[in-house]
$ cat coords.pdb   # PDB, C-alpha atoms
ATOM      1  CA  MET A   1     122.786   4.148  26.340
ATOM      2  CA  TYR A   2     123.701   1.812  23.510
ATOM      3  CA  LEU A   3     120.570   2.474  21.446
ATOM      4  CA  ASP A   4     119.656   6.133  21.081
ATOM      5  CA  SER A   5     116.939   7.579  18.875
ATOM      6  CA  GLU A   6     119.379   8.460  16.071
ATOM      7  CA  LYS A   7     120.521   4.840  15.815
ATOM      8  CA  LYS A   8     116.893   3.649  15.748
ATOM      9  CA  GLN A   9     116.073   6.158  13.002
ATOM     10  CA  GLU A  10     119.058   4.890  11.011
ATOM     11  CA  ILE A  11     117.957   1.245  11.361
ATOM     12  CA  PHE A  12     114.366   2.066  10.413
ATOM     13  CA  ALA A  13     115.492   4.118   7.416
ATOM     14  CA  LYS A  14     117.757   1.327   6.165
ATOM     15  CA  TYR A  15     115.423  -1.642   6.600
ATOM     16  CA  GLY A  16     111.959  -0.079   6.723
ATOM     17  CA  LYS A  17     110.095   1.973   4.173
ATOM     18  CA  SER A  18     111.130   5.246   5.848
ATOM     19  CA  ASN A  19     112.785   6.393   9.047
ATOM     20  CA  THR A  20     109.378   6.616  10.751
ATOM     21  CA  ASP A  21     108.325   3.110   9.643
ATOM     22  CA  THR A  22     108.557   1.364  13.001
ATOM     23  CA  GLY A  23     105.866  -1.241  12.401
ATOM     24  CA  SER A  24     107.108  -3.197   9.411
ATOM     25  CA  PRO A  25     108.432  -6.675  10.203
ATOM     26  CA  GLU A  26     111.727  -5.955   8.437
ATOM     27  CA  ALA A  27     112.406  -2.896  10.582
ATOM     28  CA  GLN A  28     111.502  -4.718  13.793
ATOM     29  CA  ILE A  29     113.648  -7.733  12.887
ATOM     30  CA  ALA A  30     116.596  -5.443  12.158
ATOM     31  CA  LEU A  31     116.143  -3.642  15.475
ATOM     32  CA  PHE A  32     115.888  -6.932  17.368
ATOM     33  CA  SER A  33     119.027  -8.205  15.615
ATOM     34  CA  TYR A  34     120.939  -5.093  16.689
ATOM     35  CA  ARG A  35     119.773  -5.532  20.278
ATOM     36  CA  ILE A  36     120.585  -9.259  20.219
ATOM     37  CA  SER A  37     124.139  -8.595  19.069
ATOM     38  CA  HIS A  38     124.604  -6.009  21.823
ATOM     39  CA  LEU A  39     123.276  -8.336  24.532
ATOM     40  CA  THR A  40     125.433 -11.192  23.230
ATOM     41  CA  GLU A  41     128.553  -9.048  23.573
ATOM     42  CA  HIS A  42     127.493  -8.076  27.094
ATOM     43  CA  LEU A  43     126.965 -11.699  28.117
ATOM     44  CA  GLN A  44     130.379 -12.767  26.847
ATOM     45  CA  SER A  45     132.001 -10.677  29.546
ATOM     46  CA  ASN A  46     129.220 -11.010  32.159
ATOM     47  CA  HIS A  47     128.236 -14.654  31.928
ATOM     48  CA  LYS A  48     126.461 -14.713  35.311
ATOM     49  CA  ASP A  49     124.011 -11.956  34.360
ATOM     50  CA  TYR A  50     120.983 -14.229  34.288
ATOM     51  CA  SER A  51     118.364 -11.528  33.813
ATOM     52  CA  THR A  52     120.101 -10.347  30.654
ATOM     53  CA  ALA A  53     120.355 -13.948  29.467
ATOM     54  CA  ARG A  54     116.609 -14.331  29.936
ATOM     55  CA  SER A  55     115.975 -11.073  28.086
ATOM     56  CA  LEU A  56     118.180 -12.281  25.251
ATOM     57  CA  ARG A  57     116.234 -15.550  24.958
ATOM     58  CA  MET A  58     112.938 -13.646  24.919
ATOM     59  CA  LEU A  59     114.237 -11.294  22.238
ATOM     60  CA  VAL A  60     115.451 -14.174  20.075
ATOM     61  CA  GLY A  61     111.977 -15.713  20.393
ATOM     62  CA  LYS A  62     110.301 -12.474  19.320
ATOM     63  CA  ARG A  63     112.571 -12.240  16.296
ATOM     64  CA  ARG A  64     111.903 -15.888  15.441
ATOM     65  CA  ARG A  65     108.117 -15.317  15.574
ATOM     66  CA  LEU A  66     108.403 -12.265  13.342
ATOM     67  CA  LEU A  67     110.564 -14.189  10.876
ATOM     68  CA  ASP A  68     108.026 -17.033  10.833
ATOM     69  CA  TYR A  69     105.221 -14.545  10.189
ATOM     70  CA  LEU A  70     107.139 -12.935   7.359
ATOM     71  CA  LYS A  71     108.005 -16.316   5.848
ATOM     72  CA  ASN A  72     104.328 -17.315   5.787
ATOM     73  CA  LYS A  73     103.146 -13.954   4.485
ATOM     74  CA  ASP A  74     105.750 -13.117   1.819
ATOM     75  CA  ILE A  75     108.682 -15.462   1.207
ATOM     76  CA  GLU A  76     110.603 -12.953  -0.941
ATOM     77  CA  ARG A  77     110.635 -10.311   1.797
ATOM     78  CA  TYR A  78     111.758 -13.021   4.230
ATOM     79  CA  ARG A  79     114.630 -14.068   1.971
ATOM     80  CA  SER A  80     115.735 -10.482   1.424
ATOM     81  CA  ILE A  81     115.843  -9.600   5.142
ATOM     82  CA  ILE A  82     117.706 -12.828   5.938
ATOM     83  CA  LYS A  83     120.272 -12.018   3.259
ATOM     84  CA  GLU A  84     120.655  -8.354   4.311
ATOM     85  CA  LEU A  85     121.149  -9.164   7.985
ATOM     86  CA  GLY A  86     123.208 -12.289   7.380
ATOM     87  CA  LEU A  87     121.167 -14.430   9.744
ATOM     88  CA  ARG A  88     121.665 -17.692   7.888
ATOM     89  CA  LYS A  89     124.614 -19.374   6.206
TER      90      LYS A  89
END

$ encode --input "coords.pdb" --output "structure tokens"
Amino acid sequence: MYLDSEKKQEIFAKYGKSNTDTGSPEAQIALFSYRISHLTEHLQSNHKDYSTARSLRMLVGKRRRLLDYLKNKDIERYRSIIKELGLRK
């Protein structure tokens, strides 16, 4: 599997408060971004995989909602996660 528990722990440790911090918006956004990049690579070679395309769109929407929440709650945390993940130009 592309996302094992060690990789999740690493993502949560890097972007969350600790490696067990699975609930913070930053950690969830980072995890969603990792999953989005994996699904995007998959769809480049399997362009007729419509169920994966739908899952990708749903995941992008979840990340967008979390980013909107973070932007409304604390703009500095929003700017830092955008810069760390390189989501904007």

$ closest_atom_pairs --input "coords.pdb" --of "region 41-87 of chain A" --to "region 19-35 of chain A" --cutoff "9 Å" --atoms "all atoms listed in the file" --output "Markdown table"
| residue | atom | partner | partner_atom | distance |
| --- | --- | --- | --- | --- |
| A:Leu56 | CA | A:Arg35 | CA | 8.5 |
| A:Leu59 | CA | A:Phe32 | CA | 6.7 |
| A:Val60 | CA | A:Phe32 | CA | 7.7 |
| A:Lys62 | CA | A:Phe32 | CA | 8.1 |
| A:Arg63 | CA | A:Ile29 | CA | 5.8 |
| A:Arg64 | CA | A:Ile29 | CA | 8.7 |
| A:Leu66 | CA | A:Pro25 | CA | 6.4 |
| A:Leu67 | CA | A:Ile29 | CA | 7.4 |
| A:Tyr69 | CA | A:Pro25 | CA | 8.5 |
| A:Leu70 | CA | A:Pro25 | CA | 7.0 |
| A:Arg77 | CA | A:Glu26 | CA | 8.0 |
| A:Tyr78 | CA | A:Glu26 | CA | 8.2 |
| A:Ile81 | CA | A:Glu26 | CA | 6.4 |
| A:Leu85 | CA | A:Ala30 | CA | 7.2 |
| A:Leu87 | CA | A:Ser33 | CA | 8.8 |

$ closest_residue --input "coords.pdb" --among "A:Leu39, A:Lys8, A:Ile82, A:Ala13" --to "Ser51 (chain A)" --atoms "all atoms listed in the file"
A:Leu39

$ atom_distance --input "coords.pdb" --atom1 "CA of Ala53 (chain A)" --atom2 "CA of Ile36 (chain A)"
10.4 Å

$ atom_distance --input "coords.pdb" --atom1 "CA of Tyr15 (chain A)" --atom2 "CA of Thr52 (chain A)"
26.0 Å

$ atom_distance --input "coords.pdb" --atom1 "CA of Ile11 (chain A)" --atom2 "CA of Tyr50 (chain A)"
27.8 Å

$ axis_aligned_box --input "coords.pdb" --around "region 51-57 of chain A" --padding-each-side "4 Å" --output "JSON"
{"center_x": 118.2, "center_y": -12.9, "center_z": 29.4, "size_x": 12.4, "size_y": 13.2, "size_z": 16.9}
